[in-house]
$ cat data-v1.cif   # mmCIF, C-alpha atoms, pLDDT in the B column; chains and numbers go by the auth columns
data_run
#
loop_
_atom_site.group_PDB
_atom_site.id
_atom_site.type_symbol
_atom_site.label_atom_id
_atom_site.label_comp_id
_atom_site.label_asym_id
_atom_site.label_seq_id
_atom_site.Cartn_x
_atom_site.Cartn_y
_atom_site.Cartn_z
_atom_site.B_iso_or_equiv
_atom_site.auth_seq_id
_atom_site.auth_asym_id
ATOM 1 C CA MET A 1 104.357 131.723 130.398 37.00 1 A
ATOM 2 C CA SER A 2 104.130 128.128 129.253 44.00 2 A
ATOM 3 C CA ILE A 3 102.378 127.334 125.993 42.00 3 A
ATOM 4 C CA PRO A 4 99.496 124.850 126.294 52.00 4 A
ATOM 5 C CA LEU A 5 99.794 121.503 124.544 53.00 5 A
ATOM 6 C CA LEU A 6 96.290 121.826 123.150 46.00 6 A
ATOM 7 C CA SER A 7 95.586 124.577 120.641 40.00 7 A
ATOM 8 C CA ARG A 8 95.481 125.272 116.942 35.00 8 A
ATOM 9 C CA PRO A 9 98.411 123.899 114.934 34.00 9 A
ATOM 10 C CA SER A 10 101.131 126.232 113.645 33.00 10 A
ATOM 11 C CA SER A 11 104.731 125.906 112.461 31.00 11 A
ATOM 12 C CA HIS A 12 107.762 127.103 114.442 30.00 12 A
ATOM 13 C CA PRO A 13 111.300 125.840 115.111 28.00 13 A
ATOM 14 C CA VAL A 14 111.346 122.870 117.480 27.00 14 A
ATOM 15 C CA SER A 15 113.765 121.463 120.036 29.00 15 A
ATOM 16 C CA ALA A 16 113.424 118.090 121.720 34.00 16 A
ATOM 17 C CA ALA A 17 113.662 117.957 125.501 38.00 17 A
ATOM 18 C CA ARG A 18 116.047 115.353 126.875 42.00 18 A
ATOM 19 C CA GLY A 19 116.905 113.757 130.202 46.00 19 A
ATOM 20 C CA LEU A 20 113.943 111.575 131.186 52.00 20 A
ATOM 21 C CA THR A 21 115.882 108.511 132.217 53.00 21 A
ATOM 22 C CA GLY A 22 116.671 106.538 135.355 60.00 22 A
ATOM 23 C CA ALA A 23 113.680 106.483 137.679 65.00 23 A
ATOM 24 C CA LEU A 24 111.375 107.399 134.797 75.00 24 A
ATOM 25 C CA ALA A 25 112.562 104.646 132.466 76.00 25 A
ATOM 26 C CA LEU A 26 109.576 102.610 131.309 87.00 26 A
ATOM 27 C CA THR A 27 109.716 98.884 130.680 90.00 27 A
ATOM 28 C CA PRO A 28 109.418 98.263 126.920 90.00 28 A
ATOM 29 C CA MET A 29 106.933 95.814 125.417 93.00 29 A
ATOM 30 C CA ARG A 30 104.501 96.817 128.164 95.00 30 A
ATOM 31 C CA VAL A 31 101.692 99.330 128.617 96.00 31 A
ATOM 32 C CA HIS A 32 101.903 102.090 131.235 96.00 32 A
ATOM 33 C CA GLU A 33 99.250 104.461 132.565 97.00 33 A
ATOM 34 C CA ILE A 34 99.510 108.221 133.083 97.00 34 A
ATOM 35 C CA CYS A 35 96.762 110.142 134.881 98.00 35 A
ATOM 36 C CA GLY A 36 96.433 113.621 136.374 97.00 36 A
ATOM 37 C CA PRO A 37 95.888 117.075 134.870 97.00 37 A
ATOM 38 C CA ALA A 38 99.344 117.168 133.218 96.00 38 A
ATOM 39 C CA ARG A 39 99.191 113.662 131.715 96.00 39 A
ATOM 40 C CA GLN A 40 99.607 114.963 128.158 94.00 40 A
ATOM 41 C CA THR A 41 102.675 116.896 129.241 92.00 41 A
ATOM 42 C CA LEU A 42 104.363 113.818 130.738 94.00 42 A
ATOM 43 C CA ALA A 43 103.534 111.809 127.619 94.00 43 A
ATOM 44 C CA ALA A 44 105.194 114.507 125.513 92.00 44 A
ATOM 45 C CA MET A 45 108.259 114.447 127.785 90.00 45 A
ATOM 46 C CA ILE A 46 108.565 110.693 127.334 91.00 46 A
ATOM 47 C CA ALA A 47 108.038 111.089 123.589 91.00 47 A
ATOM 48 C CA GLY A 48 110.943 113.532 123.542 87.00 48 A
ATOM 49 C CA ASP A 49 113.287 110.746 124.631 84.00 49 A
ATOM 50 C CA ALA A 50 111.772 108.120 122.324 85.00 50 A
ATOM 51 C CA ALA A 51 113.455 107.251 119.041 83.00 51 A
ATOM 52 C CA GLY A 52 111.722 107.706 115.707 89.00 52 A
ATOM 53 C CA PRO A 53 108.037 108.427 115.126 93.00 53 A
ATOM 54 C CA VAL A 54 105.435 108.586 117.895 95.00 54 A
ATOM 55 C CA ILE A 55 101.848 107.465 117.287 96.00 55 A
ATOM 56 C CA TRP A 56 99.386 109.507 119.374 97.00 56 A
ATOM 57 C CA ILE A 57 95.779 108.313 119.304 97.00 57 A
ATOM 58 C CA ARG A 58 93.050 110.764 120.320 96.00 58 A
ATOM 59 C CA PRO A 59 89.239 110.871 120.286 95.00 59 A
ATOM 60 C CA ALA A 60 88.062 112.736 117.197 93.00 60 A
ATOM 61 C CA TRP A 61 85.275 114.361 119.206 91.00 61 A
ATOM 62 C CA ALA A 62 87.650 115.946 121.767 86.00 62 A
ATOM 63 C CA GLY A 63 87.243 119.393 120.187 80.00 63 A
ATOM 64 C CA ASP A 64 90.916 120.365 120.509 83.00 64 A
ATOM 65 C CA GLN A 65 94.191 119.554 118.824 84.00 65 A
ATOM 66 C CA LEU A 66 97.754 118.886 119.899 86.00 66 A
ATOM 67 C CA CYS A 67 99.586 122.186 119.535 86.00 67 A
ATOM 68 C CA PRO A 68 103.080 122.023 117.934 83.00 68 A
ATOM 69 C CA ASP A 69 104.103 125.185 119.827 84.00 69 A
ATOM 70 C CA GLY A 70 103.294 123.555 123.154 84.00 70 A
ATOM 71 C CA LEU A 71 105.060 120.326 122.222 87.00 71 A
ATOM 72 C CA ALA A 72 108.177 121.949 120.781 85.00 72 A
ATOM 73 C CA GLY A 73 109.998 122.335 124.108 81.00 73 A
ATOM 74 C CA LEU A 74 109.388 118.680 124.937 86.00 74 A
ATOM 75 C CA MET A 75 109.638 116.814 121.639 88.00 75 A
ATOM 76 C CA ASP A 76 109.920 117.402 117.903 88.00 76 A
ATOM 77 C CA PRO A 77 106.305 117.574 116.618 89.00 77 A
ATOM 78 C CA VAL A 78 107.524 116.485 113.171 91.00 78 A
ATOM 79 C CA ARG A 79 107.882 112.966 114.600 92.00 79 A
ATOM 80 C CA LEU A 80 104.255 112.892 115.704 93.00 80 A
ATOM 81 C CA ILE A 81 101.628 110.796 113.896 94.00 81 A
ATOM 82 C CA VAL A 82 98.174 111.751 115.201 94.00 82 A
ATOM 83 C CA VAL A 83 95.346 109.234 114.815 95.00 83 A
ATOM 84 C CA LEU A 84 91.786 110.463 115.393 95.00 84 A
ATOM 85 C CA ALA A 85 89.496 107.650 116.529 95.00 85 A
ATOM 86 C CA GLN A 86 85.844 108.025 115.611 93.00 86 A
ATOM 87 C CA ARG A 87 84.452 105.823 118.402 93.00 87 A
ATOM 88 C CA THR A 88 85.455 104.982 121.969 91.00 88 A
ATOM 89 C CA GLY A 89 86.191 101.378 121.050 91.00 89 A
ATOM 90 C CA ASP A 90 88.487 102.504 118.253 95.00 90 A
ATOM 91 C CA LEU A 91 90.904 104.111 120.728 97.00 91 A
ATOM 92 C CA LEU A 92 92.038 100.786 122.188 97.00 92 A
ATOM 93 C CA TRP A 93 91.765 98.962 118.858 96.00 93 A
ATOM 94 C CA SER A 94 94.012 101.554 117.198 97.00 94 A
ATOM 95 C CA ALA A 95 96.528 101.330 120.049 97.00 95 A
ATOM 96 C CA GLU A 96 96.613 97.549 119.782 97.00 96 A
ATOM 97 C CA GLU A 97 97.192 97.630 116.027 97.00 97 A
ATOM 98 C CA ALA A 98 99.844 100.325 116.344 96.00 98 A
ATOM 99 C CA LEU A 99 101.783 98.327 118.957 96.00 99 A
ATOM 100 C CA ARG A 100 101.539 95.143 116.921 95.00 100 A
ATOM 101 C CA SER A 101 102.739 96.892 113.765 93.00 101 A
ATOM 102 C CA ALA A 102 105.917 98.195 115.458 89.00 102 A
ATOM 103 C CA ALA A 103 105.547 101.302 113.274 92.00 103 A
ATOM 104 C CA ALA A 104 106.616 103.437 116.264 93.00 104 A
ATOM 105 C CA ALA A 105 108.597 102.797 119.433 91.00 105 A
ATOM 106 C CA LEU A 106 106.023 104.759 121.463 95.00 106 A
ATOM 107 C CA VAL A 107 102.241 104.576 121.147 97.00 107 A
ATOM 108 C CA VAL A 108 100.131 107.032 123.176 97.00 108 A
ATOM 109 C CA ALA A 109 96.373 106.583 123.554 98.00 109 A
ATOM 110 C CA GLU A 110 94.158 109.226 125.169 97.00 110 A
ATOM 111 C CA LEU A 111 91.223 107.375 126.720 97.00 111 A
ATOM 112 C CA THR A 112 87.887 108.799 127.811 95.00 112 A
ATOM 113 C CA GLU A 113 87.234 105.982 130.317 95.00 113 A
ATOM 114 C CA LEU A 114 89.210 103.314 132.131 97.00 114 A
ATOM 115 C CA PRO A 115 89.885 100.188 130.062 96.00 115 A
ATOM 116 C CA GLY A 116 89.064 96.708 131.294 96.00 116 A
ATOM 117 C CA LEU A 117 91.675 94.108 132.181 97.00 117 A
ATOM 118 C CA THR A 118 91.201 92.102 128.977 97.00 118 A
ATOM 119 C CA PRO A 119 91.905 95.030 126.607 96.00 119 A
ATOM 120 C CA VAL A 120 95.021 95.942 128.613 97.00 120 A
ATOM 121 C CA ARG A 121 96.271 92.360 128.373 97.00 121 A
ATOM 122 C CA ARG A 122 95.697 92.469 124.636 97.00 122 A
ATOM 123 C CA LEU A 123 97.809 95.627 124.445 97.00 123 A
ATOM 124 C CA HIS A 124 100.656 93.910 126.298 97.00 124 A
ATOM 125 C CA LEU A 125 100.493 90.963 123.895 97.00 125 A
ATOM 126 C CA ALA A 126 100.423 93.317 120.909 96.00 126 A
ATOM 127 C CA ALA A 127 103.554 95.091 122.181 95.00 127 A
ATOM 128 C CA VAL A 128 105.346 91.746 122.538 95.00 128 A
ATOM 129 C CA ALA A 129 104.284 90.784 119.025 94.00 129 A
ATOM 130 C CA GLY A 130 105.514 94.121 117.709 94.00 130 A
ATOM 131 C CA ALA A 131 108.883 93.593 119.360 92.00 131 A
ATOM 132 C CA GLU A 132 109.422 90.518 117.201 91.00 132 A
ATOM 133 C CA THR A 133 109.541 92.704 114.099 84.00 133 A
ATOM 134 C CA GLY A 134 110.356 96.179 115.373 66.00 134 A
ATOM 135 C CA THR A 135 113.514 97.811 116.706 73.00 135 A
ATOM 136 C CA PRO A 136 113.368 99.269 119.308 82.00 136 A
ATOM 137 C CA PRO A 137 110.500 97.310 120.900 89.00 137 A
ATOM 138 C CA PRO A 138 107.277 99.320 121.262 92.00 138 A
ATOM 139 C CA THR A 139 105.968 100.782 124.511 94.00 139 A
ATOM 140 C CA GLY A 140 102.398 101.893 125.161 96.00 140 A
ATOM 141 C CA LEU A 141 101.091 104.835 127.198 97.00 141 A
ATOM 142 C CA LEU A 142 97.463 105.058 128.264 98.00 142 A
ATOM 143 C CA LEU A 143 96.350 108.562 129.278 98.00 143 A
ATOM 144 C CA THR A 144 93.364 108.038 131.566 98.00 144 A
ATOM 145 C CA PRO A 145 90.909 110.507 133.111 96.00 145 A
ATOM 146 C CA GLY A 146 90.775 111.477 136.778 95.00 146 A
ATOM 147 C CA ASP A 147 93.022 109.499 139.105 95.00 147 A
ATOM 148 C CA GLY A 148 93.314 106.612 136.683 95.00 148 A
ATOM 149 C CA GLY A 149 93.179 103.052 137.932 95.00 149 A
ATOM 150 C CA ALA A 150 93.394 100.885 134.808 97.00 150 A
ATOM 151 C CA ALA A 151 93.807 97.222 135.728 96.00 151 A
ATOM 152 C CA GLY A 152 96.799 95.245 134.511 96.00 152 A
ATOM 153 C CA VAL A 153 99.116 98.121 133.555 97.00 153 A
ATOM 154 C CA GLU A 154 102.854 97.774 134.100 95.00 154 A
ATOM 155 C CA SER A 155 103.052 101.076 135.971 95.00 155 A
ATOM 156 C CA ARG A 156 100.808 103.993 136.913 96.00 156 A
ATOM 157 C CA TRP A 157 101.962 107.630 137.099 96.00 157 A
ATOM 158 C CA HIS A 158 100.187 110.770 138.272 97.00 158 A
ATOM 159 C CA ILE A 159 101.393 114.246 137.353 96.00 159 A
ATOM 160 C CA ALA A 160 100.071 117.723 138.116 96.00 160 A
ATOM 161 C CA PRO A 161 101.436 121.263 137.747 95.00 161 A
ATOM 162 C CA ALA A 162 103.250 122.545 140.854 94.00 162 A
ATOM 163 C CA TRP A 163 103.779 126.021 142.255 89.00 163 A
ATOM 164 C CA PRO A 164 105.993 127.984 141.667 88.00 164 A
ATOM 165 C CA GLY A 165 107.014 125.826 138.712 88.00 165 A
ATOM 166 C CA GLY A 166 107.504 122.294 137.505 92.00 166 A
ATOM 167 C CA TRP A 167 105.296 119.328 138.251 94.00 167 A
ATOM 168 C CA ASP A 168 104.458 117.007 141.134 95.00 168 A
ATOM 169 C CA LEU A 169 105.113 113.499 139.832 94.00 169 A
ATOM 170 C CA SER A 170 104.042 110.296 141.587 94.00 170 A
ATOM 171 C CA ARG A 171 104.790 106.689 140.738 94.00 171 A
ATOM 172 C CA ARG A 172 101.661 105.160 142.194 95.00 172 A
ATOM 173 C CA ARG A 173 102.178 101.629 140.973 93.00 173 A
ATOM 174 C CA ALA A 174 104.957 99.643 139.329 92.00 174 A
ATOM 175 C CA ARG A 175 105.694 95.945 139.224 86.00 175 A
ATOM 176 C CA ALA A 176 109.392 96.381 140.000 82.00 176 A
ATOM 177 C CA HIS A 177 109.455 99.562 142.113 87.00 177 A
ATOM 178 C CA PRO A 178 107.674 100.976 145.185 90.00 178 A
ATOM 179 C CA PRO A 179 105.460 104.078 145.078 92.00 179 A
ATOM 180 C CA ARG A 180 107.407 107.336 145.153 92.00 180 A
ATOM 181 C CA ASP A 181 106.927 111.100 144.755 93.00 181 A
ATOM 182 C CA TRP A 182 109.154 113.683 143.057 92.00 182 A
ATOM 183 C CA ARG A 183 109.228 117.342 142.050 92.00 183 A
ATOM 184 C CA LEU A 184 109.995 117.371 138.327 91.00 184 A
ATOM 185 C CA THR A 185 111.556 120.524 136.865 88.00 185 A
ATOM 186 C CA HIS A 186 113.013 121.586 133.538 80.00 186 A
ATOM 187 C CA ASP A 187 115.850 124.060 133.013 78.00 187 A
ATOM 188 C CA GLY A 188 115.249 124.629 129.308 72.00 188 A
ATOM 189 C CA ARG A 189 117.550 121.781 128.296 73.00 189 A
ATOM 190 C CA ARG A 190 117.050 118.870 130.660 77.00 190 A
ATOM 191 C CA PHE A 191 114.665 117.531 133.266 80.00 191 A
ATOM 192 C CA HIS A 192 115.539 117.179 136.934 80.00 192 A
ATOM 193 C CA LEU A 193 113.950 115.005 139.619 82.00 193 A
ATOM 194 C CA GLY A 194 113.996 116.484 143.123 85.00 194 A
ATOM 195 C CA GLN A 195 112.307 115.935 146.439 82.00 195 A
ATOM 196 C CA PRO A 196 108.579 116.687 146.712 82.00 196 A
ATOM 197 C CA GLY A 197 108.011 120.370 147.435 69.00 197 A
ATOM 198 C CA ASP A 198 111.341 121.515 145.972 67.00 198 A
ATOM 199 C CA ALA A 199 111.071 124.874 144.205 58.00 199 A
ATOM 200 C CA ALA A 200 111.887 125.068 140.510 47.00 200 A
ATOM 201 C CA SER A 201 115.305 126.637 140.798 44.00 201 A
ATOM 202 C CA HIS A 202 117.150 125.255 137.762 44.00 202 A
#
$ encode --input "data-v1.cif" --output "structure tokens"
Amino acid sequence: MSIPLLSRPSSHPVSAARGLTGALALTPMRVHEICGPARQTLAAMIAGDAAGPVIWIRPAWAGDQLCPDGLAGLMDPVRLIVVLAQRTGDLLWSAEEALRSAAAALVVAELTELPGLTPVRRLHLAAVAGAETGTPPPTGLLLTPGDGGAAGVESRWHIAPAWPGGWDLSRRRARAHPPRDWRLTHDGRRFHLGQPGDAASH
């Protein structure tokens, strides 16, 4: 049984998941969108391949917490810096400041509504500014509700749990690549991208 990403914190040994490369490589100094019921899971997978600390911005009123046990198979929770925003507007403001600071190579922001085009453009500019002082250059992830649809993002991904295991992953929009669907699985050590509908057999 998989352990949910949202729960009460606890401390256990951790192991970072590896292997999200190639088709899932995200353009740095840009902001990408992840939607779908497993959007937190994909963000954690990407965080597992990121270097250094990860800043994860969440609404303080969400009523749940990121669970280290659930994250441990995907990334090392010790690298996680959780920021709790008190207001809706603070979510995007915090993401912008985090990208500009270059304090982390990956900045994740859980949003409660779709952002406008102007705030997304500001996030792109903040990531570029952060790249002037930070190594590696920062990348932003916006976790949006429903089917997403944020304007101006570099790419848009949708992910949902699949039966009998793994996830159905879709690249719905990308500036440099066409839309595409995969079955994403994990064998306990690495991730594998297969054809849609493939069973989790690794």
$ atom_distance --input "data-v1.cif" --atom1 "CA of Leu71 in chain A" --atom2 "CA of Val120 in chain A"
27.1 Å
$ atom_distance --input "data-v1.cif" --atom1 "CA of Asp181 in chain A" --atom2 "CA of Leu114 in chain A"
23.1 Å
$ resolve_selection --input "data-v1.cif" --expression "the PyMOL selection byres ((chain A and resi 108) around 8)" --output "PyMOL selection string"
chain A and resi 43+54-57+95+106-107+109-110+140-143
$ closest_residue --input "data-v1.cif" --among "A:Ala103, A:Ala72, A:Ala150, A:Leu84" --to "Arg172 in chain A" --atoms "all atoms listed in the file"
A:Ala150
$ closest_residue --input "data-v1.cif" --among "A:Ala25, A:Leu111, A:Val31, A:Leu92" --to "Arg156 in chain A" --atoms "only C-alpha atoms"
A:Val31
$ atom_distance --input "data-v1.cif" --atom1 "CA of Leu125 in chain A" --atom2 "CA of Ala104 in chain A"
15.9 Å
$ closest_residue --input "data-v1.cif" --among "A:Gly52, A:Asp168, A:Glu96, A:Cys67" --to "Arg79 in chain A" --atoms "all atoms listed in the file"
A:Gly52
$ residues_near_point --input "data-v1.cif" --point "(111.2, 114.3, 122.2)" --cutoff "9 Å" --atoms "only C-alpha atoms" --output "list in words"
Ser15, Ala16, Ala17, Arg18, Ala44, Met45, Ile46, Ala47, Gly48, Asp49, Ala50, Ala51, Leu71, Ala72, Gly73, Leu74, Met75, Asp76, Pro77 and Arg79 of chain A
$ write_last_selection --input "data-v1.cif" --atoms "C-alpha atoms" --output "CSV table (one decimal), in the coordinates of the input"
chain,number,residue,atom,x,y,z
A,15,SER,CA,113.8,121.5,120.0
A,16,ALA,CA,113.4,118.1,121.7
A,17,ALA,CA,113.7,118.0,125.5
A,18,ARG,CA,116.0,115.4,126.9
A,44,ALA,CA,105.2,114.5,125.5
A,45,MET,CA,108.3,114.4,127.8
A,46,ILE,CA,108.6,110.7,127.3
A,47,ALA,CA,108.0,111.1,123.6
A,48,GLY,CA,110.9,113.5,123.5
A,49,ASP,CA,113.3,110.7,124.6
A,50,ALA,CA,111.8,108.1,122.3
A,51,ALA,CA,113.5,107.3,119.0
A,71,LEU,CA,105.1,120.3,122.2
A,72,ALA,CA,108.2,121.9,120.8
A,73,GLY,CA,110.0,122.3,124.1
A,74,LEU,CA,109.4,118.7,124.9
A,75,MET,CA,109.6,116.8,121.6
A,76,ASP,CA,109.9,117.4,117.9
A,77,PRO,CA,106.3,117.6,116.6
A,79,ARG,CA,107.9,113.0,114.6
$ residues_around --input "data-v1.cif" --residues "His158 in chain A" --least-positions-apart "3" --cutoff "9 Å" --atoms "only C-alpha atoms" --output "list in words"
Glu33, Ile34, Cys35, Gly36, Pro37, Ala38, Arg39, Asp147, Gly148, Asp168, Leu169, Ser170, Arg171 and Arg172 of chain A
$ closest_residue --input "data-v1.cif" --among "A:Gln86, A:Pro53, A:Gln40, A:Leu26" --to "Leu66 in chain A" --atoms "all atoms listed in the file"
A:Gln40
$ resolve_selection --input "data-v1.cif" --expression "the PyMOL selection byres ((chain A and resi 27) around 10)" --output "MDAnalysis selection string"
chainID A and resid 24:26 28:32 137:140 154:155 174:176
$ closest_residue --input "data-v1.cif" --among "A:Gly89, A:Pro178, A:Gly165, A:Gly146" --to "Pro119 in chain A" --atoms "all atoms listed in the file"
A:Gly89
$ closest_residue --input "data-v1.cif" --among "A:Gln65, A:Thr133, A:Thr112, A:Thr185" --to "Pro145 in chain A" --atoms "only C-alpha atoms"
A:Thr112
$ resolve_selection --input "data-v1.cif" --expression "the PyMOL selection byres ((chain A and resi 100) around 7)" --output "PyMOL selection string"
chain A and resi 96-99+101-102+126-127+129-130
$ build_atoms --input "data-v1.cif" --residues "range 158-168 of chain A" --atoms "all heavy atoms" --output "short mmCIF file (atom, residue, chain, number, x, y, z; two decimals), keeping the file's coordinate frame"
data_model
loop_
_atom_site.label_atom_id
_atom_site.label_comp_id
_atom_site.auth_asym_id
_atom_site.auth_seq_id
_atom_site.Cartn_x
_atom_site.Cartn_y
_atom_site.Cartn_z
N HIS A 158 101.07 109.61 138.14
CA HIS A 158 100.19 110.77 138.27
C HIS A 158 101.05 112.02 138.24
O HIS A 158 102.10 112.09 138.88
CB HIS A 158 99.41 110.72 139.58
CG HIS A 158 98.46 111.86 139.77
ND1 HIS A 158 98.85 113.11 140.24
CD2 HIS A 158 97.12 111.95 139.54
CE1 HIS A 158 97.80 113.90 140.29
NE2 HIS A 158 96.74 113.24 139.87
N ILE A 159 100.61 113.02 137.47
CA ILE A 159 101.39 114.25 137.35
C ILE A 159 100.45 115.44 137.32
O ILE A 159 99.38 115.41 136.70
CB ILE A 159 102.29 114.22 136.09
CG1 ILE A 159 103.19 115.46 136.04
CG2 ILE A 159 101.47 114.06 134.82
CD1 ILE A 159 104.31 115.37 135.02
N ALA A 160 100.87 116.49 138.04
CA ALA A 160 100.07 117.72 138.12
C ALA A 160 101.01 118.92 138.18
O ALA A 160 102.13 118.82 138.71
CB ALA A 160 99.17 117.70 139.35
N PRO A 161 100.60 120.06 137.64
CA PRO A 161 101.44 121.26 137.75
C PRO A 161 101.69 121.63 139.20
O PRO A 161 100.83 121.42 140.07
CB PRO A 161 100.59 122.34 137.05
CG PRO A 161 99.64 121.58 136.18
CD PRO A 161 99.35 120.31 136.90
N ALA A 162 102.87 122.18 139.49
CA ALA A 162 103.25 122.54 140.85
C ALA A 162 103.63 124.02 140.91
O ALA A 162 104.12 124.59 139.94
CB ALA A 162 104.42 121.68 141.33
N TRP A 163 103.39 124.63 142.05
CA TRP A 163 103.78 126.02 142.26
C TRP A 163 105.10 126.05 143.01
O TRP A 163 105.33 125.24 143.90
CB TRP A 163 102.70 126.74 143.07
CG TRP A 163 102.95 128.21 143.21
CD1 TRP A 163 102.53 129.20 142.37
CD2 TRP A 163 103.71 128.85 144.24
NE1 TRP A 163 102.96 130.42 142.80
CE2 TRP A 163 103.71 130.23 143.96
CE3 TRP A 163 104.41 128.39 145.36
CZ2 TRP A 163 104.37 131.15 144.76
CZ3 TRP A 163 105.07 129.30 146.16
CH2 TRP A 163 105.05 130.67 145.86
N PRO A 164 106.07 126.90 142.65
CA PRO A 164 105.99 127.98 141.67
C PRO A 164 106.38 127.57 140.25
O PRO A 164 106.44 128.40 139.37
CB PRO A 164 107.01 128.98 142.22
CG PRO A 164 108.05 128.11 142.85
CD PRO A 164 107.30 126.96 143.45
N GLY A 165 106.66 126.30 140.04
CA GLY A 165 107.01 125.83 138.71
C GLY A 165 107.30 124.34 138.75
O GLY A 165 107.54 123.76 139.81
N GLY A 166 107.26 123.72 137.59
CA GLY A 166 107.50 122.29 137.50
C GLY A 166 106.23 121.49 137.72
O GLY A 166 105.12 122.00 137.57
N TRP A 167 106.42 120.23 138.11
CA TRP A 167 105.30 119.33 138.25
C TRP A 167 105.51 118.41 139.46
O TRP A 167 106.64 118.06 139.79
CB TRP A 167 105.15 118.44 137.01
CG TRP A 167 105.00 119.18 135.73
CD1 TRP A 167 103.84 119.54 135.10
CD2 TRP A 167 106.05 119.68 134.90
NE1 TRP A 167 104.10 120.22 133.94
CE2 TRP A 167 105.46 120.32 133.79
CE3 TRP A 167 107.45 119.64 134.98
CZ2 TRP A 167 106.20 120.91 132.78
CZ3 TRP A 167 108.20 120.23 133.98
CH2 TRP A 167 107.57 120.86 132.89
N ASP A 168 104.43 118.04 140.11
CA ASP A 168 104.46 117.01 141.13
C ASP A 168 104.20 115.67 140.45
O ASP A 168 103.13 115.47 139.85
CB ASP A 168 103.40 117.27 142.21
CG ASP A 168 103.79 118.40 143.14
OD1 ASP A 168 105.01 118.57 143.38
OD2 ASP A 168 102.90 119.13 143.61
#
